[in-house]
Each structure stands twice: as structure tokens, then as C-alpha cells.
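So this one's data_34.cif, mmCIF, C-alpha atoms:
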```
data_coords
loop_
_atom_site.label_atom_id
_atom_site.label_comp_id
_atom_site.auth_asym_id
_atom_site.auth_seq_id
_atom_site.Cartn_x
_atom_site.Cartn_y
_atom_site.Cartn_z
CA MET A 533 0.00 0.00 0.00
CA VAL A 534 1.33 3.42 -0.95
CA THR A 535 1.66 5.63 2.13
CA ALA A 536 1.97 9.39 2.48
CA ASN A 537 5.61 9.26 3.57
CA HIS A 538 6.31 6.97 0.58
CA GLU A 539 4.90 9.68 -1.71
CA ALA A 540 6.92 12.44 -0.04
CA SER A 541 10.17 10.50 -0.50
CA HIS A 542 9.99 10.67 -4.28
CA ARG A 543 7.75 13.68 -4.99
CA ILE A 544 10.35 16.04 -3.54
CA PHE A 545 12.43 15.32 -6.65
CA GLN A 546 9.52 16.33 -8.90
CA GLU A 547 8.77 19.53 -7.03
CA ARG A 548 12.32 20.57 -6.09
CA PRO A 549 14.60 19.39 -8.94
CA GLU A 550 17.47 21.43 -7.48
CA LEU A 551 17.87 18.44 -5.18
CA LEU A 552 19.28 16.43 -8.09
CA ALA A 553 22.67 18.18 -8.21
CA PRO A 554 23.76 17.36 -4.62
CA VAL A 555 22.21 13.90 -4.85
CA PHE A 556 24.11 13.04 -8.01
CA ARG A 557 27.34 14.22 -6.34
CA ILE A 558 26.63 11.82 -3.45
CA LEU A 559 26.09 8.98 -5.93
CA GLY A 560 29.21 9.82 -7.94
CA VAL A 561 27.23 10.16 -11.16
CA PRO A 562 28.15 13.07 -13.46
CA LEU A 563 25.35 15.59 -14.06
CA PRO A 564 25.77 18.43 -16.58
CA GLU A 565 25.79 21.86 -14.95
CA GLU A 566 22.88 23.28 -16.95
CA VAL A 567 19.94 20.93 -17.35
CA SER A 568 16.19 21.21 -17.54
CA VAL A 569 14.02 18.71 -15.70
CA GLU A 570 10.65 17.52 -17.00
CA VAL A 571 8.21 15.36 -15.07
CA LEU A 572 6.90 12.50 -17.21
CA SER A 573 3.98 10.15 -16.70
CA PRO A 574 4.80 7.34 -14.26
CA ASP A 575 2.47 4.99 -16.14
CA ALA A 576 4.44 2.08 -17.58
CA THR A 577 1.40 0.05 -18.62
CA GLU A 578 1.23 -1.54 -22.07
CA ILE A 579 -1.78 -3.84 -21.65
CA ARG A 580 -4.46 -2.44 -19.38
CA PRO A 581 -5.17 -5.55 -17.26
CA LEU A 582 -1.56 -5.40 -15.96
CA GLU A 583 -0.94 -2.01 -14.39
CA ARG A 584 2.62 -0.91 -13.76
CA ARG A 585 3.59 2.47 -12.36
CA VAL A 586 6.94 3.94 -11.45
CA ASP A 587 6.81 6.30 -8.46
CA SER A 588 8.32 9.24 -10.38
CA VAL A 589 9.92 9.66 -13.80
CA LEU A 590 12.01 12.69 -14.74
CA ARG A 591 13.57 13.58 -18.08
CA ILE A 592 16.96 15.24 -17.57
CA GLN A 593 17.82 17.41 -20.58
CA PRO A 594 21.26 19.03 -20.92
CA ARG A 595 21.93 21.65 -23.59
CA ASP A 596 23.04 18.83 -25.85
CA SER A 597 19.73 17.00 -26.25
CA SER A 598 21.53 13.91 -27.55
CA LYS A 599 22.74 13.34 -23.97
CA SER A 600 19.27 13.44 -22.39
CA PHE A 601 18.37 10.61 -20.05
CA LEU A 602 15.50 9.47 -17.85
CA LEU A 603 15.51 9.04 -14.10
CA ALA A 604 13.02 6.56 -12.65
CA ILE A 605 12.65 7.12 -8.90
CA GLU A 606 11.27 4.49 -6.53
CA ALA A 607 10.70 4.91 -2.78
CA GLN A 608 11.32 1.56 -1.11
CA GLY A 609 10.40 0.83 2.50
CA ARG A 610 11.34 -2.87 2.70
CA ARG A 611 12.93 -5.76 0.82
CA ASP A 612 10.72 -7.09 -1.96
CA SER A 613 11.86 -10.05 -4.06
CA ASP A 614 9.49 -9.07 -6.88
CA LYS A 615 11.01 -5.62 -7.36
CA ALA A 616 13.97 -6.72 -9.48
CA VAL A 617 11.65 -7.84 -12.28
CA SER A 618 9.52 -4.67 -12.02
CA TRP A 619 12.61 -2.44 -12.07
CA ALA A 620 14.04 -4.21 -15.10
CA TYR A 621 10.70 -3.76 -16.86
CA TYR A 622 10.55 -0.04 -16.02
CA LEU A 623 14.02 0.63 -17.42
CA ALA A 624 13.38 -1.30 -20.62
CA PHE A 625 9.92 0.23 -21.11
CA LEU A 626 11.13 3.81 -20.59
CA LYS A 627 13.98 3.33 -23.08
CA ALA A 628 11.55 1.89 -25.65
CA LYS A 629 8.92 4.61 -25.11
CA TYR A 630 11.08 7.73 -24.95
CA GLY A 631 14.23 6.66 -26.78
CA HIS A 632 16.53 7.82 -23.95
CA PRO A 633 18.65 5.69 -21.63
CA ALA A 634 17.22 5.39 -18.13
CA LEU A 635 18.65 5.23 -14.63
CA LEU A 636 16.87 3.84 -11.59
CA LEU A 637 17.15 5.70 -8.28
CA VAL A 638 15.86 3.90 -5.18
CA VAL A 639 15.21 6.03 -2.07
CA CYS A 640 15.29 4.22 1.30
CA GLN A 641 14.87 5.37 4.89
CA ASP A 642 16.61 2.45 6.59
CA LYS A 643 20.10 1.08 6.08
CA ALA A 644 19.17 -2.59 5.65
CA THR A 645 16.73 -1.87 2.81
CA ALA A 646 19.24 0.45 1.15
CA GLU A 647 21.95 -2.24 1.22
CA TRP A 648 19.58 -4.75 -0.34
CA ALA A 649 18.33 -2.30 -2.98
CA ALA A 650 21.86 -1.69 -4.28
CA GLY A 651 21.79 -5.14 -5.87
CA PRO A 652 22.90 -5.98 -8.44
CA PHE A 653 19.88 -8.08 -9.39
CA LYS A 654 20.69 -10.75 -11.98
CA LEU A 655 17.78 -12.15 -13.96
CA GLY A 656 17.79 -15.35 -15.95
CA PRO A 657 17.95 -19.15 -15.56
CA GLU A 658 20.61 -20.86 -13.51
CA GLY A 659 23.92 -20.84 -15.31
CA TRP A 660 23.19 -17.85 -17.52
CA LYS A 661 22.01 -14.44 -16.38
CA ALA A 662 20.62 -12.55 -19.34
CA LEU A 663 19.99 -9.25 -17.54
CA SER A 664 21.43 -7.37 -14.58
CA VAL A 665 19.82 -4.39 -12.81
CA HIS A 666 22.10 -1.94 -10.97
CA PRO A 667 20.04 0.67 -9.08
CA LEU A 668 21.43 3.89 -7.69
CA VAL A 669 20.49 4.02 -4.00
CA LEU A 670 20.06 6.81 -1.47
CA GLY A 671 19.77 5.93 2.21
CA PRO A 672 21.11 6.68 5.68
CA GLY A 673 24.49 5.25 4.71
CA ASN A 674 25.30 7.82 2.02
CA VAL A 675 22.97 10.81 2.55
CA PRO A 676 24.83 13.14 4.93
CA PRO A 677 23.05 14.35 8.08
CA ILE A 678 22.82 18.15 7.92
CA ILE A 679 23.08 19.50 11.47
CA ASP A 680 24.38 22.97 10.66
CA GLU A 681 21.79 25.75 10.33
CA GLU A 682 23.72 27.70 7.68
CA GLU A 683 24.29 24.60 5.57
CA ALA A 684 20.60 23.74 5.82
CA ALA A 685 19.60 27.26 4.76
CA GLN A 686 21.81 27.05 1.65
CA ASN A 687 19.85 24.08 0.30
CA LEU A 688 16.50 23.56 2.00
CA ALA A 689 15.56 20.74 -0.37
CA MET A 690 18.67 18.74 0.52
CA ALA A 691 18.28 19.50 4.23
CA THR A 692 14.66 18.31 4.13
CA PHE A 693 15.59 15.16 2.23
CA SER A 694 18.36 14.51 4.76
CA ALA A 695 15.85 14.86 7.59
CA MET A 696 13.47 12.39 5.91
CA THR A 697 16.25 9.88 5.30
CA HIS A 698 17.59 10.04 8.86
CA GLY A 699 14.18 10.21 10.56
CA ARG A 700 14.87 6.99 12.50
CA ASP A 701 18.47 7.83 13.45
CA GLN A 702 19.78 9.19 16.73
CA ASP A 703 20.89 12.29 14.77
CA ALA A 704 17.29 13.10 13.84
CA PRO A 705 16.65 15.73 16.57
CA ALA A 706 19.81 17.67 15.67
CA ILE A 707 18.94 17.55 11.96
CA LEU A 708 15.39 18.73 12.63
CA ASP A 709 16.62 21.51 14.87
CA ALA A 710 19.03 22.79 12.21
CA LEU A 711 16.30 22.72 9.55
CA ALA A 712 13.79 24.46 11.82
CA ARG A 713 16.29 27.25 12.45
CA ALA A 714 17.03 27.53 8.73
CA LEU A 715 13.33 27.80 7.93
CA GLY A 716 13.14 30.71 10.33
CA THR A 717 15.12 32.77 7.81
CA VAL A 718 13.03 32.14 4.68
CA ASP A 719 9.67 33.16 3.24
CA GLU A 720 6.39 31.77 4.55
CA GLU A 721 5.65 29.83 1.36
CA SER A 722 8.90 27.86 1.71
CA VAL A 723 8.23 27.31 5.41
CA ALA A 724 4.78 25.91 4.68
CA TYR A 725 6.01 23.65 1.86
CA TYR A 726 9.01 22.12 3.59
CA SER A 727 7.44 21.81 7.03
CA GLU A 728 4.41 19.94 5.66
CA LEU A 729 6.45 17.79 3.28
CA LEU A 730 8.78 16.74 6.08
CA GLU A 731 5.96 15.99 8.50
CA ILE A 732 4.48 13.65 5.89
CA GLY A 733 7.87 12.21 4.97
CA LEU A 734 8.76 11.29 8.56
CA GLY A 735 5.77 8.94 8.71
CA GLU A 736 5.01 7.22 12.02
CA THR A 737 8.30 7.98 13.76
CA PRO A 738 9.10 9.77 17.04
CA ALA A 739 10.86 12.38 14.91
CA ARG A 740 7.52 13.38 13.43
CA GLU A 741 6.19 14.48 16.82
CA THR A 742 9.42 16.36 17.48
CA TRP A 743 9.01 18.14 14.16
CA ARG A 744 5.37 18.98 14.87
CA ASN A 745 6.40 20.57 18.15
CA LEU A 746 9.09 22.61 16.44
CA MET A 747 6.69 23.75 13.74
CA THR A 748 4.21 25.19 16.24
CA ILE A 749 6.49 28.22 16.04
CA ARG A 750 5.39 30.46 13.19
CA THR A 751 6.18 34.02 12.21
CA TYR A 752 5.08 36.56 14.82
CA PHE A 753 6.19 39.95 16.18
CA PRO A 754 9.12 39.07 18.47
CA GLY A 755 9.87 41.12 21.54
CA ARG A 756 6.38 42.63 21.86
CA GLY A 757 5.38 40.58 24.92
CA THR A 758 2.02 39.66 23.42
CA LEU A 759 -0.04 36.71 24.55
CA ILE A 760 0.47 34.93 21.22
CA GLU A 761 4.23 35.42 21.49
CA GLU A 762 4.25 33.95 25.00
CA THR A 763 2.19 31.00 23.79
CA LEU A 764 4.49 30.38 20.84
CA LEU A 765 7.61 30.61 22.96
CA LYS A 766 6.16 28.09 25.40
CA GLY A 767 5.46 25.78 22.46
CA GLU A 768 9.03 26.13 21.22
CA ALA A 769 10.44 25.45 24.69
CA LYS A 770 8.29 22.33 24.99
CA GLY A 771 9.50 21.07 21.62
CA ARG A 772 13.15 21.66 22.44
CA ALA A 773 12.79 20.01 25.86
CA GLN A 774 11.26 16.93 24.25
CA MET A 775 14.13 16.85 21.78
CA VAL A 776 16.68 16.87 24.62
CA VAL A 777 14.94 13.95 26.35
CA HIS A 778 14.56 12.07 23.05
CA VAL A 779 18.28 12.37 22.25
CA LEU A 780 19.26 11.18 25.74
CA ASP A 781 16.87 8.24 25.55
CA THR A 782 18.10 7.33 22.06
CA ARG A 783 21.70 7.42 23.24
CA GLU A 784 20.69 5.28 26.26
CA VAL A 785 21.77 7.90 28.79
CA SER A 786 19.93 7.23 32.05
CA VAL A 787 17.43 10.02 32.80
CA PRO A 788 15.93 9.77 36.31
CA ASP A 789 12.41 11.10 36.83
CA ALA A 790 13.67 14.22 38.60
CA ALA A 791 16.02 15.09 35.75
CA ARG A 792 13.30 14.39 33.18
CA GLU A 793 10.96 16.75 35.02
CA ARG A 794 13.68 19.40 35.20
CA ILE A 795 14.20 19.26 31.45
CA THR A 796 10.55 19.15 30.38
CA SER A 797 9.53 21.97 32.73
CA CYS A 798 12.29 24.31 31.56
CA THR A 799 11.06 27.30 29.54
CA ASP A 800 14.38 29.10 29.05
CA LEU A 801 15.34 28.68 25.38
CA PRO A 802 19.12 29.42 25.75
CA THR A 803 19.34 26.80 28.50
CA LEU A 804 17.48 24.26 26.39
CA GLU A 805 19.74 24.97 23.43
CA ARG A 806 22.78 24.41 25.65
CA TRP A 807 21.32 21.13 26.91
CA MET A 808 20.53 20.07 23.34
CA ASP A 809 24.17 20.54 22.30
CA ARG A 810 25.38 18.58 25.32
CA ALA A 811 22.81 15.81 24.90
CA LEU A 812 24.59 14.72 21.73
CA THR A 813 27.82 13.88 23.59
CA VAL A 814 27.27 13.41 27.35
CA SER A 815 27.54 9.98 28.95
CA THR A 816 25.75 10.82 32.23
CA ILE A 817 22.87 13.10 33.16
CA ASP A 818 25.12 15.05 35.56
CA GLU A 819 27.20 16.21 32.59
CA LEU A 820 24.10 17.77 31.07
CA PHE A 821 23.55 20.02 34.10
CA VAL A 822 27.21 20.69 34.85
CA GLU A 823 26.90 24.52 35.08
CA GLU A 824 23.28 24.74 36.21
CA SER A 825 23.63 22.71 39.41
#
```
How would this structure read if it were set down as C-alpha cells?
Amino acid sequence: MVTANHEASHRIFQERPELLAPVFRILGVPLPEEVSVEVLSPDATEIRPLERRVDSVLRIQPRDSSKSFLLAIEAQGRRDSDKAVSWAYYLAFLKAKYGHPALLLVVCQDKATAEWAAGPFKLGPEGWKALSVHPLVLGPGNVPPIIDEEEAAQNLAMATFSAMTHGRDQDAPAILDALARALGTVDEESVAYYSELLEIGLGETPARETWRNLMTIRTYFPGRGTLIEETLLKGEAKGRAQMVVHVLDTREVSVPDAARERITSCTDLPTLERWMDRALTVSTIDELFVEES
């Protein structure tokens, strides 16, 4: 069954094609500097009773049109022994239909699935493999976690994709925090697009709730002391406190009830930011509070 986070994992390439340049650098595949990107129909059906659909298909067109190629993008959430045949079909069908060579990009959000998806998948009878499928794969193992606010602001599409890919990792809170800060410097339309896309893309993970808490903070008139400002600041403090606890729990740092209450009841943002930075490295709860005790 196709889920919302499945859709978000591949649709970001359709809607933000600027993501392709950094992604191709990660994969080590050359991409011409000046290209246009066209979204094609994902329908790969020849005979109606058998429906086949690729998640996304893009046509990458450099200035030299003779070097155009297709990129079939599949979001994959688990191992599936039937996929090798489907992927081989997609690549052959797209070449036959459009006359351009095709690449297959598989997007995964867990390392085990990404390692499996890399293949290669050899098709044919025992003793002679007539066809081999070699997907390009993006997953937690090769997509870098972006935990720097300035780096995230320079490429929001890549930062958002990084956050989706690492949504189950212990780095997730730091990645989300960097992206939230970066979104605080851009226009409202971008904020709305990326915040919603990421919430969908994180699926049913603890990181999704962390992100929802962070995104309760919207544009307002800072420093005016209004009721809405106080409410928003309380929401931000709550989100950051939950992130601190989540990181400690993920890293298996023991958090006694008293310490947990101290963190979650804190409303001072600079203190919470300091605790967040420490939570990524401390080995005991006492190290978190070293200067506040």
C-alpha cells in the first residue's frame, strides 16, 4: 500500500529538482551543470489488465539534447523479491517509449533496505544471467546528516531530504533543529512547503512528533510581549525540551524522573539549546547540568 511518507520520499524530486545536483554528487554520477528537468507520466502500462507504475519519472535534458536521459525514482520501505523484475521492466519500457537511456534511483529510509536495494539483481535461468539491474540508491548510509543551520539554509531541499532519510536515526533531533532554524530565515511559502512535506515524509516515527512541536512556532512579532508570542515561545520550549529527552533516551543515557521533570519543565530557550548541544555527547545526566547545578 502506498503511504503518504512513501509519496513524499519521491515527490520532492519532482517539485524541487534542485535536489538532483547534490544527490548526483553523493552517488558519484556526473550531471551536466545546466539541465532542464521535465516530469513524465509514471504509467508504464502496455496492456491495461496489468498495471505498472513507477513512483516518479524525470527527463533530464542538458543543452546537448543527444545526452538526455531518464531518471526513474522508486521509494522503497522494505525488501521485496518481486522488485527486481519490475525495475528491469521499467528501465526497458522507458527506453523503448522515450528513446533515452534510463537510470533507476531507489530512495530508502533504513540502512538494511538500502543495502539490499543496491543489488545488483541478476535475472535469468541458472547458469546464464541474461539481464542485470544496478540501481542507484540513497539511504542513511550515504545521505549526509545536515546539522548545521547555515548549511541547511543554503539548500533547503537537501536538508529536508536529509531529515526524511535520517528520521529513525539518533541524529534526527539535531537535523530537525538545524532545519527548523534555517526555515526561520526564509519566506512563509517555503516554510509551509518544507514543514508539511517533512511531517508527511517522517511517517510514524518519534521524529515526526518532534518536528510537529518545532513547527508550532510560526512568524510573529518578536519582543512585543504579546499573549500569542508567549504562547508560541512556550510551544518552542516544549518542543526543544522533548528533543533533549529524546536524544538522551536514544543514546541510552539514564534520565531519572527528577532530571526528566527538570528538562521538560524548563522554559528558558538558551538553557534548552545548551542542553541540546550537550545531549549529543554526554555519557551521564550530571554532565548535562554541569553549570546549572
So that each row is one residue of stretch 646-763 of chain A with an atom at most 12 Å from stretch 783-788 of chain A, can you give its shortest atom pair and the distance in Å to one decimal, using all atoms listed in the file, rows by chain and rising number, as a Markdown table?
```
| residue | atom | partner | partner_atom | distance |
| --- | --- | --- | --- | --- |
| A:Asp701 | CA | A:Arg783 | CA | 10.3 |
| A:Gln702 | CA | A:Arg783 | CA | 7.0 |
| A:Asp703 | CA | A:Arg783 | CA | 9.8 |
| A:Ala704 | CA | A:Arg783 | CA | 11.8 |
| A:Pro705 | CA | A:Arg783 | CA | 11.8 |
```
> For the atom pair atom CA of A:Phe601 and atom CA of A:Ala553, what is the interatomic distance in Å to one decimal place?
Replying inline: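 Computed distance, atom CA of A:Phe601 to atom CA of A:Ala553, equals 14.7 Å.
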>> Running the PyMOL selection byres ((chain A and resi 777) around 12) on this model by hand, what would come out? Give it as a ChimeraX atom specification.
In response: /A:702,705,738,742,770-776,778-789,791-798,804,807-808,810-812,817,820
>> So, with all atoms listed in the file as the atoms that count, which of A:Ala691, A:Ser618, A:Gln608, A:Lys627 lies closest to A:Leu551?
In response: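 Closest residue, counting all atoms listed in the file: A:Ala691.
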> What lies within 9 Å of A:Leu708 using all atoms listed in the file, ignoring chain neighbours under 4 positions off, as a ChimeraX atom specification?
Replying inline: /A:678-679,691-692,695,699,703-704,712-713,739,742-743,746
> Rounded to one decimal in Å, what is the spacing between atom CA of A:Asn687 and atom CA of A:Ala634?
Replying inline: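 It comes out at 26.4 Å.
Atom pair atom CA of A:Leu635 / atom CA of A:Ile732: separated by 26.3 Å.
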>> Which residues are close to A:Glu570, i.e. within 10 Å by only C-alpha atoms, leaving aside same-chain residues fewer than 2 positions away? Reply as a list in words.
In response: Gln546, Pro549, Val567, Ser568, Leu572, Ser573, Val589, Leu590, Arg591, Ile592, Gln593 and Leu602 of chain A
Please, could you write that set of residues out with C-alpha atoms as a compact mmCIF listing (two decimals), in the frame of the given file?
```txt
# COMPACT_ATOMS: atom_id res chain seq x y z
CA GLN A 546 9.52 16.33 -8.90
CA PRO A 549 14.60 19.39 -8.94
CA VAL A 567 19.94 20.93 -17.35
CA SER A 568 16.19 21.21 -17.54
CA LEU A 572 6.90 12.50 -17.21
CA SER A 573 3.98 10.15 -16.70
CA VAL A 589 9.92 9.66 -13.80
CA LEU A 590 12.01 12.69 -14.74
CA ARG A 591 13.57 13.58 -18.08
CA ILE A 592 16.96 15.24 -17.57
CA GLN A 593 17.82 17.41 -20.58
CA LEU A 602 15.50 9.47 -17.85
```
